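Novice: I have a structure here, written as structure tokens, and I will follow up with some questions on it.
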Amino acid sequence: MEQINKLVEAITNGIQDKKGSKITIVDLSTIEGSICHYFVICQGNSPSQVDAITESVEEHARLEAGEKPVHVTGTDNAQWVAMDYTDVMVHIFLPEVREYYDLENLWEDAKMTEIPDLD
């Protein structure tokens with residue numbers, strides 16, 4: 001679990017580095033049948049910011065936790081990028097897309113941690 005927590009922290013640092021906002025960490029470890037231990041959900045204000053956050057998360061995860069994503073999808077239109085780190089899934093949204101899919105509501109039984117925006 002320590003490695004997973006280190007990865008979540010590195011991902012959060014990567015998001016904050018590019019001023020990603022409204023970071024929510026969803027702890028799925030107690031939810032039976034969940035696809036991973038954590039979701040890290042955030043948003044960027046434009047497709048270019050979503051791209052920048054994606055690259056920053058990859059860099060921070062590699063340098064701080066020694067992890068690379070197994071799969072990254074959504075970078076072609078950068079409205080919703082999903083990064084799969086096996087135990088941790090990262091979701092980087094444009095605000096309106098995040099609102100539409102409302103992942104936090106889908107997993108409302110999970111423990112949620114809101115990370116305050118830096119600015």
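Ordering of the structure tokens sets the chain letters (A, B, ...); residue numbers start at 1 within each chain; ligands are numbered from 1 in the order shown.
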List as a ChimeraX atom specification the protein and nucleic acid residues near Thr86 in chain A, meaning an atom at most 9 Å away when only C-alpha atoms are counted, but skip any in the same chain fewer than 5 places from it.

Specialist: /A:35-37,69-71

Novice: I need the strand (DSSP E or B) residues of chain A per DSSP on the backbone, written as a CSV table (one decimal) with N, CA, C and O atoms, in the first residue's frame.

Specialist:
```
chain,number,residue,atom,x,y,z
A,21,SER,N,-7.2,21.6,-11.2
A,21,SER,CA,-8.1,22.0,-10.1
A,21,SER,C,-9.1,20.9,-9.7
A,21,SER,O,-9.3,19.9,-10.4
A,22,LYS,N,-9.7,21.2,-8.6
A,22,LYS,CA,-10.8,20.3,-8.0
A,22,LYS,C,-10.3,18.8,-8.0
A,22,LYS,O,-11.0,18.0,-8.5
A,23,ILE,N,-9.2,18.6,-7.3
A,23,ILE,CA,-8.7,17.2,-7.3
A,23,ILE,C,-9.5,16.5,-6.2
A,23,ILE,O,-9.6,16.9,-5.1
A,24,THR,N,-10.0,15.3,-6.6
A,24,THR,CA,-10.6,14.4,-5.7
A,24,THR,C,-9.9,13.0,-5.7
A,24,THR,O,-9.7,12.5,-6.8
A,25,ILE,N,-9.6,12.5,-4.6
A,25,ILE,CA,-9.0,11.2,-4.5
A,25,ILE,C,-10.1,10.3,-4.0
A,25,ILE,O,-10.7,10.5,-2.9
A,26,VAL,N,-10.5,9.3,-4.8
A,26,VAL,CA,-11.5,8.3,-4.4
A,26,VAL,C,-10.9,7.0,-4.0
A,26,VAL,O,-10.2,6.4,-4.8
A,27,ASP,N,-11.1,6.6,-2.8
A,27,ASP,CA,-10.5,5.4,-2.2
A,27,ASP,C,-11.5,4.3,-2.5
A,27,ASP,O,-12.5,4.2,-1.8
A,38,TYR,N,-7.6,3.2,-6.3
A,38,TYR,CA,-7.9,4.7,-6.2
A,38,TYR,C,-8.2,5.2,-7.6
A,38,TYR,O,-7.6,4.8,-8.6
A,39,PHE,N,-9.1,6.2,-7.6
A,39,PHE,CA,-9.3,7.1,-8.7
A,39,PHE,C,-8.7,8.4,-8.2
A,39,PHE,O,-8.9,8.9,-7.1
A,40,VAL,N,-8.0,9.1,-9.1
A,40,VAL,CA,-7.6,10.5,-8.8
A,40,VAL,C,-8.3,11.3,-10.0
A,40,VAL,O,-8.0,11.1,-11.1
A,41,ILE,N,-9.2,12.2,-9.6
A,41,ILE,CA,-10.0,12.9,-10.6
A,41,ILE,C,-9.7,14.4,-10.5
A,41,ILE,O,-9.5,14.9,-9.4
A,42,CYS,N,-9.5,15.1,-11.6
A,42,CYS,CA,-9.2,16.5,-11.6
A,42,CYS,C,-9.7,17.1,-12.9
A,42,CYS,O,-10.2,16.4,-13.8
A,43,GLN,N,-9.5,18.4,-13.0
A,43,GLN,CA,-9.9,19.1,-14.3
A,43,GLN,C,-8.9,20.1,-14.7
A,43,GLN,O,-8.2,20.7,-13.8
A,71,HIS,N,-1.6,2.2,-19.6
A,71,HIS,CA,-2.4,2.7,-20.8
A,71,HIS,C,-2.9,4.1,-20.5
A,71,HIS,O,-3.2,4.5,-19.4
A,72,VAL,N,-2.9,4.9,-21.6
A,72,VAL,CA,-3.4,6.3,-21.5
A,72,VAL,C,-4.3,6.5,-22.7
A,72,VAL,O,-4.0,6.1,-23.9
A,73,THR,N,-5.5,6.9,-22.5
A,73,THR,CA,-6.5,7.1,-23.6
A,73,THR,C,-7.1,8.5,-23.4
A,73,THR,O,-7.2,9.1,-22.4
A,80,TRP,N,-11.3,14.3,-21.9
A,80,TRP,CA,-11.2,13.3,-20.8
A,80,TRP,C,-10.1,12.4,-21.1
A,80,TRP,O,-10.1,11.5,-21.9
A,81,VAL,N,-9.0,12.6,-20.3
A,81,VAL,CA,-7.9,11.7,-20.4
A,81,VAL,C,-7.9,10.7,-19.2
A,81,VAL,O,-8.0,11.1,-18.1
A,82,ALA,N,-7.8,9.4,-19.5
A,82,ALA,CA,-7.8,8.4,-18.5
A,82,ALA,C,-6.4,7.7,-18.5
A,82,ALA,O,-5.9,7.4,-19.6
A,83,MET,N,-5.7,7.7,-17.4
A,83,MET,CA,-4.4,7.1,-17.3
A,83,MET,C,-4.5,5.9,-16.3
A,83,MET,O,-4.9,6.1,-15.2
A,84,ASP,N,-4.1,4.8,-16.8
A,84,ASP,CA,-4.2,3.5,-16.0
A,84,ASP,C,-2.8,3.2,-15.4
A,84,ASP,O,-1.9,2.8,-16.1
A,88,VAL,N,-4.1,2.5,-9.6
A,88,VAL,CA,-4.6,3.9,-9.6
A,88,VAL,C,-5.0,4.3,-11.0
A,88,VAL,O,-4.2,4.2,-11.9
A,89,MET,N,-6.2,4.8,-11.1
A,89,MET,CA,-6.7,5.4,-12.4
A,89,MET,C,-6.8,6.9,-12.2
A,89,MET,O,-7.3,7.4,-11.2
A,90,VAL,N,-6.2,7.6,-13.2
A,90,VAL,CA,-6.2,9.1,-13.2
A,90,VAL,C,-7.2,9.5,-14.2
A,90,VAL,O,-7.1,9.1,-15.4
A,91,HIS,N,-8.1,10.4,-13.9
A,91,HIS,CA,-9.1,11.0,-14.8
A,91,HIS,C,-8.9,12.5,-14.9
A,91,HIS,O,-9.0,13.2,-13.8
A,92,ILE,N,-8.5,13.0,-16.0
A,92,ILE,CA,-8.3,14.5,-16.2
A,92,ILE,C,-9.4,15.0,-17.2
A,92,ILE,O,-9.4,14.5,-18.3
A,93,PHE,N,-10.3,15.8,-16.7
A,93,PHE,CA,-11.4,16.2,-17.4
A,93,PHE,C,-11.4,17.7,-17.8
A,93,PHE,O,-10.8,18.5,-17.1
A,111,LYS,N,-14.7,6.4,0.0
A,111,LYS,CA,-14.2,7.5,0.8
A,111,LYS,C,-13.6,8.5,-0.2
A,111,LYS,O,-12.8,8.2,-1.0
A,112,MET,N,-14.0,9.8,-0.1
A,112,MET,CA,-13.5,10.8,-1.0
A,112,MET,C,-12.7,11.8,-0.2
A,112,MET,O,-13.1,12.2,0.9
A,113,THR,N,-11.6,12.2,-0.8
A,113,THR,CA,-10.7,13.2,-0.2
A,113,THR,C,-10.6,14.4,-1.2
A,113,THR,O,-10.1,14.1,-2.4
A,114,GLU,N,-11.0,15.5,-0.9
A,114,GLU,CA,-10.9,16.7,-1.8
A,114,GLU,C,-9.6,17.4,-1.4
A,114,GLU,O,-9.3,17.7,-0.3
A,115,ILE,N,-8.7,17.7,-2.5
A,115,ILE,CA,-7.5,18.4,-2.3
A,115,ILE,C,-7.7,19.8,-2.6
A,115,ILE,O,-8.2,20.1,-3.7
```

Novice: Could you check how far CA of Lys19 in chain A sits from CA of Gln49 in chain A, in Å to one decimal?

Specialist: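 So the two atoms, CA of Lys19 in chain A and CA of Gln49 in chain A, lie 8.5 Å apart.
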
Novice: Among range 16-102 of chain A, which residues carry a DSSP assignment of helix (DSSP H, G or I), reported as a list in words?

Specialist: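 These are the residues in question: Gln16, Asp17, Pro47, Ser48, Gln49, Val50, Asp51, Ala52, Ile53, Thr54, Glu55, Ser56, Val57, Glu58, Glu59, His60, Ala61, Arg62, Leu63, Glu64, Ala65, Pro95, Glu96, Val97, Arg98, Glu99, Tyr100 and Tyr101 of chain A.
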
Novice: Using only C-alpha atoms, determine which residues lie at most 10 Å from range 57-61 of chain A, disregarding the query and same-chain residues fewer than 5 positions distant; provide the list as JSON, numbers by chain.

Specialist: {"A": [6, 7, 8, 9, 10, 11, 12, 13, 14, 15, 16, 17, 18, 51, 52, 66, 67, 68, 69, 72, 83, 85, 90]}

Novice: From the options A:Gln3, A:Ser56, A:Ser46, A:Ser34, which residue's atoms come nearest to Pro95 in chain A, counting only C-alpha atoms?

Specialist: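 Counting only C-alpha atoms, the residue closest to Pro95 in chain A is A:Ser46.
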
Novice: Between CA of Asp119 in chain A and CA of Leu103 in chain A, what is the spacing in Å?

Specialist: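 Computed distance, CA of Leu103 in chain A to CA of Asp119 in chain A, equals 24.3 Å.
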